[in-house]
Amino acid sequence: MSVSPTNAPQSQFQLLKQRRFAPFFWTQFLGAGNDNIFKFAFTILATYHAADWGGLDSKLAGPIIGGLFIAPFMLFSATAGQLADKYDKALLARWVKNLEILFMLVIAGGFVWQSAPLLFAGVFLMGCHSTLFGPVKFAYLPQHLNDSELTGGNGMVEMGTFVAILLGTMLGGALVAIPGIGPAYVGMTSLVIALIGRLAAQFIPVSPAPVPELKVNWNPVTETFANLKIAGQNRTVFLSLIGISWLWFFGSIFLTSFTGFSKDVLSGNEQVVTLLLALFSIGIGLGCMLCEKMSGNRIEIGLVPFGSIGMTIFAIDLYFASRGLKVQALTGAVAFVTDAAHGHTHFRVMADLFLLAMFSGFYSVPLYALMQSRIEPTYRARIVAANNILNAIFMVIASLMAAAILHNGLSLPELYLVVGIMNAAVALFIFRMVPEFLMRFLIWMLIHTFYRVEKKGLENIPVEGPCVLVCNHVSFVDALVIGGSIQRPVRFVMDFRIFKIPVLNFVFRTAGAIPIASVKEDPDMLERAYERIDEYLQAGEVVCIFPEGRITDNGDLYPFKKGITRIIERTPVPVIPMALCGLWGSFFSRWGGAAMHYPRGVFSRIALVIDQAWPPSQVTPEALQNRVGELRGAVK
């Protein structure tokens with residue numbers, strides 16, 4: 001089951017009014033909030049009242065509780081993924097919420113009877129709950145949303161998750177602080193929220209199983225390797241899984257250490273822990289929400305390098321901002337923010353955490369959307385489950401690494417420095433292995449830094465199948481503007497001299513562009529270009545040509561050459577006229593002589609206007625030239 005593009009909401013918030021999304025959203029929202037009410041309350045007790053609640057070192061309480069929570073992901077994710085592919089996801093969601101009610105009864109008993117062993121068991125059980133729900137969560141979205149909604153839908157879910165973390169953390173902290181009866185209130189509240197979550201799950205629509213005949217392999221090791229092998233067949237998908245798992249490594253370092261960081265570095269009490277978690281949650285929620293607007297309702301993987309750069313910068317700056325602070329008496333949130341002696345430092349710490357989290361949102365949402373869109377539906381939940389196992393492994397490694405670093409005398413700020421440097425190294429590895437990420441980043445930066453692009457007629461580009469795009473040639477970055485505006489990959493045919501331009505050459509090669517020369521300049525290159533065009537079109541891809549054969553030096557259209565005729569004679573496919581408007585006079589055009597000479601129009605508004613497809617029988621160079629001129633109008 002999937003929704004058609006014509007039913008797509010104009011805003012991601014519109015999804016909250018639709019049954020295909022809203023009950024699922026609130027089910028996962030309440031589950032995430034409940035996890036954090038319980039976990040944060042227990043972490044506070046184990047950190048600030050260790051003698052009565054487990055006797056742990058305050059620095060180790062967070063990592064140990066985090067490790068217990070994610071252990072089930074390694075043990076049961078493979079089975080959970082198979083169940084999500086074999087059974088209706090709505091039915092599974094209801095069964096998972098039934099289990100949550102039972103688990104919360106155990107946890108409530110632990111709080112009422114002040115039993116640390118019961119609460120540690122509860123952490124493990126809620127990890128089981130999240131393990132079972134994870135494949136349902138990420139396989140559900142592409143089953144009910146189309147590709148243009150995936151970024152917005154994932155952004156809503158991720159935003160909701162972190163808002164739930166924030167609210168759950170604040171509520172858990174407020175309840176556990178009530179003298180005497182606070183822990184019991186935490187247990188009772190968690191049980192009530194589990195019941196409300198079960199009610200929300202009742203309204204999740206039918207989500208048919210993609211592989212109802214699947215035979216479950218109960219061996220988690222062999223099943224996990226089998227699913228990773230399937231994912232490995234698509235290099236981009238596999239490295240997306242690694243990228244997502246790295247984010248969980250990176251984020252878990254911070255989330256599990258906030259209590260120790262607040263107490264031992266910032267000299268803050270439970271209120272400061274809540275403040276830091278609030279900043280982190282709001283930051284990542286905002287980053288997730290902004291992804292839809294920044295990506296233009298498409299799966300924009302160019303945001304991934306952008307997010308990674310920010311994560312590195314602000315993790316490293318957090319080290320410089322927080323090192324050297326002297327330990328003093330614990331203060332509350334108000335005193336922390338208004339501290340006259342350290343106010344500037346405290347503000348810098350808060351800004352670093354907020355911005356680090358926001359850039360994490362830019363990094364995560366496109367990766368999840370990319371993974372969901374490129375996995376075969378029949379394997380989707382199992383690949384998600386395999387990713388959850390990788391996430392768990394990375395988080396366990398993060399916990400072990402953090403514990404080892406702290407045990408050997410490094411401070412928490414020094415741990416953040418190490419992780420920031422590691423993030424840069426991992427990002428460079430992934431972007432080197434899959435240059436598509438970096439290529440899309442360069443395109444995204446161009447059209448969001450130099451230009452403001454208005455897109456008209458994007459619906460005329462077919463969702464699938466071959467076609468040839470025909471456009472006027474105004475500047476050296478025409479291909480980047482077009483490629484950054486159209487959701488499908490576009491194979492550009494371009495003059496070999498433009499193809500060789502430094503930096504842009506990397507983008508063109510990665511995008512599968514086709515260098516071409518005239519018959520006088522290089523007849524062999526010309527013939528190879530036509531052969532590659534045929535291959536792309538026969539494979540059902542989109543090819544774009546600039547029939548003028550040159551960049552305009554006066555803003556006007558030059559006569560269209562007959563190459564388009566030869567292309568459609570060899571492979572008859574629909575032809576779509578387009579026009580770029582407003583690029584003449586910009587930095588990359590030949591206005592005033594050489595390009596990149598005058599800064600005029602650097603931040604100008606431009607437009608890409610796309611006509612309806614023409615059948616091959618109606619195509620002539622002269623007719624196309626007239627139509628492109630009409631589409632462009634008076635704005636060159």
# chains A, B, ... in the order shown; residues from 1 in each chain; ligands from 1
>>> residues_around(residues="segment 611-617 of chain A", least_positions_apart="6", cutoff="10 Å", atoms="only C-alpha atoms", output="ChimeraX atom specification")
/A:456-462,467-470,565,568-569,571-579,624,627-628,631
>>> residues_around(residues="Arg348 of chain A", least_positions_apart="6", cutoff="12 Å", atoms="only C-alpha atoms", output="JSON, numbers by chain")
{"A": [314, 315, 317, 318, 319, 320, 321, 322, 323, 337, 342, 354, 355, 356]}
>>> closest_residue(among="A:Asn388, A:Gln271, A:Ser240, A:Thr510", to="Leu330 of chain A", atoms="only C-alpha atoms")
A:Gln271
>>> residues_around(residues="segment 166-173 of chain A", least_positions_apart="2", cutoff="8 Å", atoms="only C-alpha atoms", output="list in words")
Ala32, Gly33, Asn34, Asp35, Asn36, Ile37, Phe38, Phe40, Ala41, Ile44, Phe162, Val163, Ala164, Leu175, Val176, Ala177, Val186, Glu270, Gln271, Thr274, Leu277, Ala278, Ser281 and Ile282 of chain A
>>> select_by_dssp(residues="segment 471-548 of chain A", states="strand (DSSP E)", output="list in words")
Cys471, Val490, Arg491, Phe492, Val493, Met494, Asp495, Ile514, Pro515, Ile516, Val542, Val543, Cys544 and Ile545 of chain A
>>> write_last_selection(atoms="all heavy atoms", output="CSV table (one decimal), in the first residue's frame")
chain,number,residue,atom,x,y,z
A,471,CYS,N,17.2,22.3,-22.7
A,471,CYS,CA,17.2,23.5,-22.0
A,471,CYS,C,18.2,24.5,-22.6
A,471,CYS,O,19.1,24.1,-23.3
A,471,CYS,CB,17.6,23.3,-20.5
A,471,CYS,SG,17.3,24.7,-19.4
A,490,VAL,N,19.7,13.1,-13.1
A,490,VAL,CA,19.8,13.6,-14.5
A,490,VAL,C,21.2,13.4,-15.0
A,490,VAL,O,22.2,13.7,-14.4
A,490,VAL,CB,19.4,15.1,-14.5
A,490,VAL,CG1,19.4,15.5,-16.0
A,490,VAL,CG2,18.0,15.3,-13.9
A,491,ARG,N,21.3,12.8,-16.2
A,491,ARG,CA,22.5,12.6,-16.9
A,491,ARG,C,22.7,13.7,-17.9
A,491,ARG,O,22.0,13.7,-18.9
A,491,ARG,CB,22.6,11.2,-17.6
A,491,ARG,CG,22.1,10.0,-16.7
A,491,ARG,CD,22.9,9.9,-15.4
A,491,ARG,NE,22.5,8.8,-14.7
A,491,ARG,CZ,23.0,8.5,-13.5
A,491,ARG,NH1,23.9,9.2,-12.9
A,491,ARG,NH2,22.6,7.4,-12.8
A,492,PHE,N,23.7,14.5,-17.7
A,492,PHE,CA,23.8,15.7,-18.5
A,492,PHE,C,24.8,15.4,-19.7
A,492,PHE,O,25.9,14.8,-19.5
A,492,PHE,CB,24.3,16.9,-17.7
A,492,PHE,CG,23.3,17.4,-16.8
A,492,PHE,CD1,23.2,17.0,-15.5
A,492,PHE,CD2,22.4,18.4,-17.2
A,492,PHE,CE1,22.3,17.5,-14.6
A,492,PHE,CE2,21.4,18.9,-16.3
A,492,PHE,CZ,21.4,18.4,-15.0
A,493,VAL,N,24.5,16.0,-20.8
A,493,VAL,CA,25.4,16.0,-22.0
A,493,VAL,C,26.0,17.4,-22.1
A,493,VAL,O,25.2,18.3,-22.2
A,493,VAL,CB,24.7,15.6,-23.3
A,493,VAL,CG1,25.7,15.6,-24.4
A,493,VAL,CG2,24.0,14.3,-23.1
A,494,MET,N,27.3,17.5,-21.9
A,494,MET,CA,27.9,18.8,-21.9
A,494,MET,C,29.2,18.9,-22.6
A,494,MET,O,29.9,17.9,-22.8
A,494,MET,CB,28.1,19.2,-20.4
A,494,MET,CG,29.0,18.3,-19.6
A,494,MET,SD,29.2,18.9,-17.9
A,494,MET,CE,27.6,18.8,-17.4
A,495,ASP,N,29.5,20.1,-23.0
A,495,ASP,CA,30.8,20.4,-23.7
A,495,ASP,C,32.0,19.9,-22.8
A,495,ASP,O,32.0,20.1,-21.6
A,495,ASP,CB,30.9,21.9,-23.9
A,495,ASP,CG,32.2,22.2,-24.8
A,495,ASP,OD1,33.3,22.2,-24.2
A,495,ASP,OD2,32.0,22.5,-26.0
A,514,ILE,N,28.0,13.3,-19.4
A,514,ILE,CA,28.5,12.8,-20.7
A,514,ILE,C,29.3,13.9,-21.4
A,514,ILE,O,28.6,14.8,-21.9
A,514,ILE,CB,27.4,12.2,-21.6
A,514,ILE,CG1,26.6,11.2,-20.9
A,514,ILE,CG2,28.0,11.6,-22.9
A,514,ILE,CD1,25.3,10.8,-21.6
A,515,PRO,N,30.6,13.9,-21.4
A,515,PRO,CA,31.3,14.9,-22.2
A,515,PRO,C,31.1,14.7,-23.7
A,515,PRO,O,31.1,13.6,-24.2
A,515,PRO,CB,32.8,14.7,-21.8
A,515,PRO,CG,32.8,13.3,-21.4
A,515,PRO,CD,31.5,12.9,-20.8
A,516,ILE,N,31.0,15.8,-24.4
A,516,ILE,CA,30.7,15.7,-25.9
A,516,ILE,C,31.6,16.8,-26.6
A,516,ILE,O,31.9,17.8,-26.0
A,516,ILE,CB,29.2,15.9,-26.2
A,516,ILE,CG1,28.9,15.4,-27.6
A,516,ILE,CG2,28.8,17.3,-25.9
A,516,ILE,CD1,27.4,15.3,-27.9
A,542,VAL,N,16.9,9.7,-17.2
A,542,VAL,CA,16.7,11.0,-17.7
A,542,VAL,C,18.0,11.6,-18.2
A,542,VAL,O,19.0,11.6,-17.5
A,542,VAL,CB,16.1,11.9,-16.6
A,542,VAL,CG1,15.9,13.4,-17.1
A,542,VAL,CG2,14.8,11.4,-16.0
A,543,VAL,N,18.0,12.1,-19.4
A,543,VAL,CA,19.1,12.7,-20.0
A,543,VAL,C,18.8,14.2,-20.3
A,543,VAL,O,17.7,14.5,-20.8
A,543,VAL,CB,19.5,12.0,-21.3
A,543,VAL,CG1,20.6,12.8,-22.1
A,543,VAL,CG2,20.0,10.6,-21.0
A,544,CYS,N,19.7,15.1,-20.1
A,544,CYS,CA,19.5,16.5,-20.4
A,544,CYS,C,20.6,17.0,-21.3
A,544,CYS,O,21.8,16.7,-21.2
A,544,CYS,CB,19.6,17.3,-19.1
A,544,CYS,SG,19.3,19.1,-19.3
A,545,ILE,N,20.1,17.7,-22.4
A,545,ILE,CA,21.1,18.3,-23.3
A,545,ILE,C,20.8,19.8,-23.4
A,545,ILE,O,19.8,20.3,-23.1
A,545,ILE,CB,21.0,17.6,-24.7
A,545,ILE,CG1,19.6,18.0,-25.4
A,545,ILE,CG2,21.1,16.1,-24.6
A,545,ILE,CD1,19.6,17.6,-26.8
>>> residues_around(residues="Thr79 of chain A", least_positions_apart="6", cutoff="12 Å", atoms="only C-alpha atoms", output="NGL selection string")
:A and (72-73 or 85-86 or 128 or 131-135 or 214-224 or 227 or 381-386 or 388-389)
>>> atom_distance(atom1="atom CA of Arg374 of chain A", atom2="atom CA of Glu464 of chain A")
14.2 Å
>>> atom_distance(atom1="atom CA of Lys263 of chain A", atom2="atom CA of Thr331 of chain A")
9.2 Å
>>> residues_around(residues="Ser364 of chain A", least_positions_apart="5", cutoff="12 Å", atoms="only C-alpha atoms", output="MDAnalysis selection string")
chainID A and resid 151 154:155 157:159 240:248 250:251 284:285 287:291 299:308 311 357:359 369:371
>>> closest_residue(among="A:Ser295, A:Thr345, A:Leu526, A:Ile501", to="Ile447 of chain A", atoms="only C-alpha atoms")
A:Ser295
>>> closest_residue(among="A:His144, A:Glu454, A:Leu428, A:Met156", to="Thr312 of chain A", atoms="only C-alpha atoms")
A:Leu428
>>> atom_distance(atom1="atom CA of Asp534 of chain A", atom2="atom CA of Phe441 of chain A")
28.6 Å
>>> decode(residues="segment 22-165 of chain A", atoms="C-alpha atoms", output="JSON list (two decimals), in the first residue's frame")
[["chain", "number", "residue", "atom", "x", "y", "z"],
["A", 22, "ALA", "CA", -1.32, 10.45, 12.91],
["A", 23, "PRO", "CA", -2.11, 7.30, 15.01],
["A", 24, "PHE", "CA", 1.31, 5.87, 14.18],
["A", 25, "PHE", "CA", 2.99, 9.18, 15.07],
["A", 26, "TRP", "CA", 1.30, 9.40, 18.48],
["A", 27, "THR", "CA", 1.97, 5.74, 19.21],
["A", 28, "GLN", "CA", 5.71, 6.15, 18.72],
["A", 29, "PHE", "CA", 5.65, 9.59, 20.41],
["A", 30, "LEU", "CA", 4.11, 8.18, 23.59],
["A", 31, "GLY", "CA", 6.45, 5.18, 23.56],
["A", 32, "ALA", "CA", 9.55, 7.36, 23.23],
["A", 33, "GLY", "CA", 8.32, 9.68, 25.97],
["A", 34, "ASN", "CA", 7.61, 6.79, 28.30],
["A", 35, "ASP", "CA", 11.08, 5.33, 27.80],
["A", 36, "ASN", "CA", 12.62, 8.59, 28.89],
["A", 37, "ILE", "CA", 10.37, 9.32, 31.84],
["A", 38, "PHE", "CA", 11.52, 6.04, 33.32],
["A", 39, "LYS", "CA", 15.16, 6.03, 32.17],
["A", 40, "PHE", "CA", 15.87, 9.61, 33.19],
["A", 41, "ALA", "CA", 14.23, 9.23, 36.58],
["A", 42, "PHE", "CA", 16.24, 6.09, 37.26],
["A", 43, "THR", "CA", 19.45, 7.70, 35.97],
["A", 44, "ILE", "CA", 18.92, 10.66, 38.32],
["A", 45, "LEU", "CA", 18.39, 8.31, 41.26],
["A", 46, "ALA", "CA", 21.45, 6.21, 40.35],
["A", 47, "THR", "CA", 23.61, 9.32, 39.87],
["A", 48, "TYR", "CA", 22.56, 11.67, 42.67],
["A", 49, "HIS", "CA", 21.28, 9.07, 45.17],
["A", 50, "ALA", "CA", 23.59, 6.21, 44.28],
["A", 51, "ALA", "CA", 23.74, 4.70, 47.79],
["A", 52, "ASP", "CA", 20.03, 3.85, 47.73],
["A", 53, "TRP", "CA", 19.64, 3.05, 44.01],
["A", 54, "GLY", "CA", 22.37, 0.70, 42.81],
["A", 55, "GLY", "CA", 25.56, 2.15, 44.30],
["A", 56, "LEU", "CA", 27.11, 3.03, 40.90],
["A", 57, "ASP", "CA", 29.84, 5.59, 40.18],
["A", 58, "SER", "CA", 27.96, 8.70, 39.00],
["A", 59, "LYS", "CA", 30.02, 8.80, 35.80],
["A", 60, "LEU", "CA", 29.10, 5.21, 34.93],
["A", 61, "ALA", "CA", 25.39, 5.21, 35.76],
["A", 62, "GLY", "CA", 24.31, 6.68, 32.42],
["A", 63, "PRO", "CA", 26.49, 4.44, 30.21],
["A", 64, "ILE", "CA", 25.46, 1.26, 32.10],
["A", 65, "ILE", "CA", 21.75, 2.05, 31.90],
["A", 66, "GLY", "CA", 22.21, 2.93, 28.22],
["A", 67, "GLY", "CA", 24.04, -0.33, 27.60],
["A", 68, "LEU", "CA", 21.27, -2.39, 29.23],
["A", 69, "PHE", "CA", 18.67, -0.60, 27.12],
["A", 70, "ILE", "CA", 20.36, -1.33, 23.79],
["A", 71, "ALA", "CA", 21.44, -4.92, 24.52],
["A", 72, "PRO", "CA", 18.10, -6.32, 23.24],
["A", 73, "PHE", "CA", 18.70, -4.65, 19.89],
["A", 74, "MET", "CA", 21.63, -7.00, 19.31],
["A", 75, "LEU", "CA", 19.76, -10.05, 20.60],
["A", 76, "PHE", "CA", 16.33, -9.67, 19.04],
["A", 77, "SER", "CA", 16.45, -7.19, 16.12],
["A", 78, "ALA", "CA", 16.88, -9.89, 13.47],
["A", 79, "THR", "CA", 13.74, -11.65, 14.70],
["A", 80, "ALA", "CA", 11.84, -8.34, 14.98],
["A", 81, "GLY", "CA", 12.66, -7.48, 11.37],
["A", 82, "GLN", "CA", 11.34, -10.79, 10.10],
["A", 83, "LEU", "CA", 8.13, -10.42, 12.10],
["A", 84, "ALA", "CA", 7.59, -6.92, 10.62],
["A", 85, "ASP", "CA", 7.93, -8.32, 7.08],
["A", 86, "LYS", "CA", 5.74, -11.35, 7.82],
["A", 87, "TYR", "CA", 2.83, -9.74, 9.72],
["A", 88, "ASP", "CA", 0.63, -6.66, 9.44],
["A", 89, "LYS", "CA", 2.53, -3.76, 11.04],
["A", 90, "ALA", "CA", -0.59, -2.32, 12.67],
["A", 91, "LEU", "CA", -1.20, -5.65, 14.41],
["A", 92, "LEU", "CA", 2.42, -5.84, 15.53],
["A", 93, "ALA", "CA", 2.29, -2.30, 16.91],
["A", 94, "ARG", "CA", -0.69, -3.26, 19.08],
["A", 95, "TRP", "CA", 1.05, -6.35, 20.42],
["A", 96, "VAL", "CA", 4.15, -4.32, 21.22],
["A", 97, "LYS", "CA", 2.05, -1.80, 23.14],
["A", 98, "ASN", "CA", 0.46, -4.68, 25.07],
["A", 99, "LEU", "CA", 3.94, -5.74, 26.12],
["A", 100, "GLU", "CA", 4.77, -2.17, 27.15],
["A", 101, "ILE", "CA", 1.89, -2.24, 29.64],
["A", 102, "LEU", "CA", 3.25, -5.45, 31.20],
["A", 103, "PHE", "CA", 6.79, -4.05, 31.33],
["A", 104, "MET", "CA", 5.58, -0.87, 33.01],
["A", 105, "LEU", "CA", 3.94, -2.92, 35.73],
["A", 106, "VAL", "CA", 7.37, -4.38, 36.53],
["A", 107, "ILE", "CA", 8.94, -0.91, 36.50],
["A", 108, "ALA", "CA", 6.21, 0.55, 38.71],
["A", 109, "GLY", "CA", 6.92, -2.21, 41.21],
["A", 110, "GLY", "CA", 10.62, -1.33, 41.15],
["A", 111, "PHE", "CA", 9.91, 2.32, 41.96],
["A", 112, "VAL", "CA", 7.33, 1.58, 44.65],
["A", 113, "TRP", "CA", 9.50, -1.03, 46.41],
["A", 114, "GLN", "CA", 12.76, 0.91, 45.78],
["A", 115, "SER", "CA", 14.21, -2.15, 44.01],
["A", 116, "ALA", "CA", 17.22, -1.33, 41.82],
["A", 117, "PRO", "CA", 17.32, -4.90, 40.37],
["A", 118, "LEU", "CA", 13.72, -4.59, 39.18],
["A", 119, "LEU", "CA", 14.49, -1.24, 37.56],
["A", 120, "PHE", "CA", 17.60, -2.58, 35.84],
["A", 121, "ALA", "CA", 15.40, -5.43, 34.55],
["A", 122, "GLY", "CA", 12.88, -2.79, 33.44],
["A", 123, "VAL", "CA", 15.55, -1.01, 31.42],
["A", 124, "PHE", "CA", 16.26, -4.26, 29.57],
["A", 125, "LEU", "CA", 12.55, -4.96, 29.03],
["A", 126, "MET", "CA", 11.91, -1.49, 27.57],
["A", 127, "GLY", "CA", 14.88, -2.10, 25.31],
["A", 128, "CYS", "CA", 13.01, -5.20, 24.11],
["A", 129, "HIS", "CA", 9.94, -3.03, 23.50],
["A", 130, "SER", "CA", 11.92, -0.59, 21.36],
["A", 131, "THR", "CA", 13.64, -3.45, 19.53],
["A", 132, "LEU", "CA", 10.32, -4.92, 18.45],
["A", 133, "PHE", "CA", 8.88, -1.55, 17.44],
["A", 134, "GLY", "CA", 11.94, -0.29, 15.52],
["A", 135, "PRO", "CA", 11.46, -2.25, 12.25],
["A", 136, "VAL", "CA", 7.74, -1.48, 12.34],
["A", 137, "LYS", "CA", 8.51, 2.23, 12.75],
["A", 138, "PHE", "CA", 10.85, 2.66, 9.80],
["A", 139, "ALA", "CA", 9.20, 0.14, 7.46],
["A", 140, "TYR", "CA", 5.75, 1.66, 8.07],
["A", 141, "LEU", "CA", 6.60, 5.10, 6.67],
["A", 142, "PRO", "CA", 7.55, 4.15, 3.07],
["A", 143, "GLN", "CA", 4.51, 1.84, 2.97],
["A", 144, "HIS", "CA", 2.13, 4.77, 3.58],
["A", 145, "LEU", "CA", 4.09, 7.79, 2.28],
["A", 146, "ASN", "CA", 5.40, 8.47, -1.21],
["A", 147, "ASP", "CA", 8.97, 9.58, -1.94],
["A", 148, "SER", "CA", 8.14, 13.29, -1.86],
["A", 149, "GLU", "CA", 6.73, 12.84, 1.67],
["A", 150, "LEU", "CA", 9.50, 10.65, 3.10],
["A", 151, "THR", "CA", 11.79, 13.50, 4.16],
["A", 152, "GLY", "CA", 8.93, 15.40, 5.80],
["A", 153, "GLY", "CA", 7.50, 12.24, 7.38],
["A", 154, "ASN", "CA", 10.85, 11.16, 8.76],
["A", 155, "GLY", "CA", 11.45, 14.71, 9.97],
["A", 156, "MET", "CA", 8.13, 14.65, 11.83],
["A", 157, "VAL", "CA", 8.86, 11.27, 13.39],
["A", 158, "GLU", "CA", 12.39, 12.24, 14.43],
["A", 159, "MET", "CA", 11.19, 15.61, 15.72],
["A", 160, "GLY", "CA", 8.40, 13.87, 17.63],
["A", 161, "THR", "CA", 10.85, 11.39, 19.09],
["A", 162, "PHE", "CA", 13.13, 14.09, 20.46],
["A", 163, "VAL", "CA", 10.27, 16.26, 21.69],
["A", 164, "ALA", "CA", 9.02, 13.15, 23.47],
["A", 165, "ILE", "CA", 12.51, 12.65, 24.90]]
